[in-house]
Amino acid sequence: MPTNKEIAFAAVMNDKAGGRLSTYPIACGVNRKLVNGGITYRDWAHDPKLYAQAFIEGQKKFSYDFAIGLMDLSVMAGDLGAGVRMDEQNTPFVDKPIVNSVEDYEKLKVPDIKKGRSSVILEGTRIFSQALNDQVVTAGFIEGPLLVLTQAAGAERVFMDMFTNPSAVHTALKTMTAFDTEMVKGFGKTGCVGLVWDYLWANYSCLGDKEYEEFEGKYCRPLNKLTGTEGMAFAIHSCADLPHLDTQIFDFKPAIYSMAYYPLIPDSPSASEAIAKGYADNCLLAGQIDPQLFIRGSVEKITQVTKDLCQEVKTALCKKGLGPRYCIASGCEVPPDVHTKMENIAAVVETTKKFGKIDW
Amino acid sequence: MSKEAILNKLSDAVVSGKPDLAKQGANEALAAKIDALDAINGGLVKGMSIVGDKYAARQVYLPQVLMSAHTMYAGLDILLPAIPKAAMANVKKCATAVVEGDVHDIGKNIVKTMLTAGGFDVTDLGKDVPIASIVSDAKAKKWDILALSTLMTPTMDGMKAAVDGLIENGYRKNVKICIGGAPTSPAFAKEIGADHRDANAQDCVAWLKERF
């Protein structure tokens, strides 16, 4: 029987010998509940050993096919100097943006990545990659330049300044790109197999192709290339409702693309639609279980949803003549909430291993 | 300048996202003795409506919508004080808020803009708003509509606390409660006893207009 790691590689390589769909509910912060009887989010997010231990314990308990080191989207903004509200058990967020005038964009400086939570992520990723590289495909997680800037400066401010002060925004984006460059090089030294980029704003609810290209796309391409140069597979996660799939998959060419599904939003692509449109032809797609089910759903409900998704993607993959090019995952992070049901995570993994089998 | 030209100027200012032009048009409307409500509805709101349609059709995107909203409010700041209080007597009162523990407010701000453009009297409570104050203010200020938003899972429970609080203080039957934000769903709205959940600001306004 193939190992988790072999299943994950087979999925990425479209190798039909894998025998089943891969799975990775994006369970990151929630795994802290498995460390030392349960630790706070604050402790988990500030200590690289505890951060890594959560992924290691999660692997022991759930036997995932991947390990992806997502912390939260206030890490880089916090290290730039923005105020971060860190509750004990909830996802932290920026509550004091660092940009309060147009002039402030120019004052942004690349922080020392050996300090702050950037260093926690880098060191934590190194620890869990060393521990898990023989079991699963490991990956770091990083925010794209525009996402870092909107987190640090406030999204509304940045979007309006794109109109009124574009040169100031570009100045800041160059700094964010330099910050990302340092981080990519840092991740390259951790031994993780891949690096997952969050390019959240490549999303038709927010930006059109033209605006995206001007304010992030052109900054992304060198970073995408650098990811490979530093020895990591390039992957993208987007939990947006209407992602720029042509740009992010056909142009950027990631090895893995993780996405969410919003059934109530017209044109939000389902798993089978994304496969039918050719997005899985050259990349492993991942998704699209509703993260809320991990808190509010029963084991029976999430098991049925997983079973249905397995059937949906197996049918779609076969129609396209593809191998196991779909990873059963949550569309966004499994909520790192104290009320998240760990048994629901187990249900997704176990159901995929049972019903994701396919004899090509 | 004719009334039509001034109204077009206001509308065009909003569509093109030029707040200075909206201020100029608003002052010209008042100087020309145009009814302030006509200037709002026939100029600013008309422009915002065009922008809303373009956004829905993906002809413009969030930066343009935010600039247009900013422009509409620049004009409203001048025109609203000129409306006689009696003309506002029957306007439905609405409050918008991002619930306590969350600061993601772009979606809420779009809803606020569309509600304003839809003719509601909107009080924006802002972000990270304590549930207790939402509940007590709703009753004290006699809001007809409460629009609550969150983008985060842990803070969804605040929406339920708001509904429960309004039941407890006896005001629930007087107020329509709409919720929004990525993690919410119609099923969640039903579960907590809210009246409506929408993913689209314009659709939410249309839903409310049908009920008032």
# chains A, B, ... in the order shown; residues from 1 in each chain; ligands from 1
$ interface_residues --of "chain B" --to "chain A" --cutoff "10 Å" --atoms "only C-alpha atoms" --output "ChimeraX atom specification"
/B:17-18,55-56,58-68,70,101-106,109,128,152-155,182-186,188,198-200
$ residues_around --residues "Gln130 of chain A" --least-positions-apart "3" --cutoff "9 Å" --atoms "only C-alpha atoms" --output "list of chain:residue names"
A:Thr125, A:Arg126, A:Ile127, A:Asn133, A:Asp134, A:Thr190, A:Gly191, A:Cys192
$ select_by_dssp --residues "segment 132-290 of chain A" --states "helix (DSSP H, G or I)" --output "PyMOL selection string"
chain A and resi 132+145-153+155-164+166-188+209-229+245-251+271-276
$ residues_around --residues "Ala206 of chain B" --least-positions-apart "3" --cutoff "12 Å" --atoms "only C-alpha atoms" --output "list in words"
Val111, Met114, Leu115, Ala117, Gly118, Gly119, Phe120, His196, Asp198, Asn200, Ala201, Gln202, Asp203, Lys209, Glu210, Arg211 and Phe212 of chain B
$ write_last_selection --atoms "N, CA and C atoms" --output "PDB file, in the first residue's frame"
ATOM      1  N   VAL B 111     -22.111  47.390   1.894  1.00  0.00           N
ATOM      2  CA  VAL B 111     -23.537  47.275   2.256  1.00  0.00           C
ATOM      3  C   VAL B 111     -24.072  48.626   2.746  1.00  0.00           C
ATOM      4  N   MET B 114     -24.656  50.858  -0.224  1.00  0.00           N
ATOM      5  CA  MET B 114     -25.819  50.480  -1.039  1.00  0.00           C
ATOM      6  C   MET B 114     -27.137  50.734  -0.289  1.00  0.00           C
ATOM      7  N   LEU B 115     -27.114  50.560   1.025  1.00  0.00           N
ATOM      8  CA  LEU B 115     -28.313  50.881   1.810  1.00  0.00           C
ATOM      9  C   LEU B 115     -28.597  52.382   1.752  1.00  0.00           C
ATOM     10  N   ALA B 117     -27.649  54.387  -0.638  1.00  0.00           N
ATOM     11  CA  ALA B 117     -28.113  54.653  -1.999  1.00  0.00           C
ATOM     12  C   ALA B 117     -29.543  54.148  -2.210  1.00  0.00           C
ATOM     13  N   GLY B 118     -29.923  53.164  -1.407  1.00  0.00           N
ATOM     14  CA  GLY B 118     -31.273  52.601  -1.517  1.00  0.00           C
ATOM     15  C   GLY B 118     -32.321  53.404  -0.763  1.00  0.00           C
ATOM     16  N   GLY B 119     -31.916  54.479  -0.129  1.00  0.00           N
ATOM     17  CA  GLY B 119     -32.874  55.364   0.519  1.00  0.00           C
ATOM     18  C   GLY B 119     -33.091  55.104   2.002  1.00  0.00           C
ATOM     19  N   PHE B 120     -32.255  54.294   2.604  1.00  0.00           N
ATOM     20  CA  PHE B 120     -32.374  54.055   4.040  1.00  0.00           C
ATOM     21  C   PHE B 120     -31.529  55.073   4.810  1.00  0.00           C
ATOM     22  N   HIS B 196     -32.370  37.193   7.345  1.00  0.00           N
ATOM     23  CA  HIS B 196     -31.867  37.090   5.978  1.00  0.00           C
ATOM     24  C   HIS B 196     -30.353  37.034   5.973  1.00  0.00           C
ATOM     25  N   ASP B 198     -27.258  37.446   2.924  1.00  0.00           N
ATOM     26  CA  ASP B 198     -27.002  37.675   1.508  1.00  0.00           C
ATOM     27  C   ASP B 198     -25.508  37.752   1.250  1.00  0.00           C
ATOM     28  N   ASN B 200     -24.592  39.521  -1.504  1.00  0.00           N
ATOM     29  CA  ASN B 200     -24.509  40.632  -2.443  1.00  0.00           C
ATOM     30  C   ASN B 200     -25.263  41.835  -1.864  1.00  0.00           C
ATOM     31  N   ALA B 201     -24.581  42.982  -1.772  1.00  0.00           N
ATOM     32  CA  ALA B 201     -25.172  44.154  -1.129  1.00  0.00           C
ATOM     33  C   ALA B 201     -26.439  44.633  -1.845  1.00  0.00           C
ATOM     34  N   GLN B 202     -26.403  44.648  -3.149  1.00  0.00           N
ATOM     35  CA  GLN B 202     -27.575  45.122  -3.892  1.00  0.00           C
ATOM     36  C   GLN B 202     -28.776  44.197  -3.705  1.00  0.00           C
ATOM     37  N   ASP B 203     -28.507  42.892  -3.689  1.00  0.00           N
ATOM     38  CA  ASP B 203     -29.606  41.940  -3.482  1.00  0.00           C
ATOM     39  C   ASP B 203     -30.197  42.099  -2.087  1.00  0.00           C
ATOM     40  N   LYS B 209     -36.147  46.246   0.555  1.00  0.00           N
ATOM     41  CA  LYS B 209     -37.148  47.144  -0.049  1.00  0.00           C
ATOM     42  C   LYS B 209     -38.472  46.419  -0.252  1.00  0.00           C
ATOM     43  N   GLU B 210     -38.379  45.127  -0.543  1.00  0.00           N
ATOM     44  CA  GLU B 210     -39.622  44.354  -0.709  1.00  0.00           C
ATOM     45  C   GLU B 210     -40.392  44.247   0.603  1.00  0.00           C
ATOM     46  N   ARG B 211     -39.666  44.359   1.696  1.00  0.00           N
ATOM     47  CA  ARG B 211     -40.314  44.177   3.004  1.00  0.00           C
ATOM     48  C   ARG B 211     -40.724  45.474   3.671  1.00  0.00           C
ATOM     49  N   PHE B 212     -40.339  46.598   3.125  1.00  0.00           N
ATOM     50  CA  PHE B 212     -40.738  47.884   3.712  1.00  0.00           C
ATOM     51  C   PHE B 212     -41.503  48.708   2.688  1.00  0.00           C
TER      52      PHE B 212
END
$ closest_residue --among "B:Ala187, B:Leu10, B:Met1, B:Leu44" --to "Ala31 of chain B" --atoms "only C-alpha atoms"
B:Met1
$ select_by_dssp --residues "segment 48-105 of chain A" --states "strand (DSSP E or B)" --output "ChimeraX atom specification"
/A:66-69,83-85,93-96
$ residues_around --residues "segment 321-330 of chain A" --least-positions-apart "4" --cutoff "6 Å" --atoms "only C-alpha atoms" --output "list in words"
Ala11, Asn14, Asp15, Lys16, Leu21, Ser22, Thr23, Tyr24, Pro25, Ile26, Leu284, Leu285, Ala286, Gly287, Gln288, Ile289, Pro291 and Leu317 of chain A
$ atom_distance --atom1 "atom CA of Val99 of chain A" --atom2 "atom CA of Leu223 of chain A"
24.1 Å
$ residues_around --residues "Val14 of chain B" --least-positions-apart "6" --cutoff "7 Å" --atoms "only C-alpha atoms" --output "ChimeraX atom specification"
/B:22,44,47-48,68,71-72
$ residues_around --residues "segment 167-176 of chain B" --least-positions-apart "5" --cutoff "7 Å" --atoms "only C-alpha atoms" --output "ChimeraX atom specification"
/B:139,143-146,195
$ write_last_selection --atoms "N, CA and C atoms" --output "mmCIF file, in the first residue's frame"
data_model
loop_
_atom_site.group_PDB
_atom_site.id
_atom_site.type_symbol
_atom_site.label_atom_id
_atom_site.label_comp_id
_atom_site.auth_asym_id
_atom_site.auth_seq_id
_atom_site.Cartn_x
_atom_site.Cartn_y
_atom_site.Cartn_z
ATOM 1 N N LYS B 139 -32.802 49.082 20.346
ATOM 2 C CA LYS B 139 -34.071 49.411 21.003
ATOM 3 C C LYS B 139 -34.171 50.910 21.288
ATOM 4 N N TRP B 143 -34.171 51.265 15.644
ATOM 5 C CA TRP B 143 -33.763 50.890 14.289
ATOM 6 C C TRP B 143 -34.775 49.910 13.715
ATOM 7 N N ASP B 144 -35.004 50.034 12.404
ATOM 8 C CA ASP B 144 -35.884 49.101 11.700
ATOM 9 C C ASP B 144 -35.106 47.913 11.143
ATOM 10 N N ILE B 145 -33.834 48.160 10.888
ATOM 11 C CA ILE B 145 -32.999 47.131 10.238
ATOM 12 C C ILE B 145 -31.632 47.091 10.930
ATOM 13 N N LEU B 146 -31.135 45.877 11.101
ATOM 14 C CA LEU B 146 -29.801 45.685 11.653
ATOM 15 C C LEU B 146 -29.037 44.806 10.673
ATOM 16 N N ASP B 195 -33.157 37.164 9.997
ATOM 17 C CA ASP B 195 -34.180 37.149 8.945
ATOM 18 C C ASP B 195 -33.621 36.827 7.573
#
$ atom_distance --atom1 "atom CA of Val122 of chain B" --atom2 "atom CA of Cys94 of chain B"
4.8 Å
$ closest_residue --among "B:Val129, B:Thr123, B:Asp164, B:Ile78" --to "Ala29 of chain B" --atoms "only C-alpha atoms"
B:Ile78
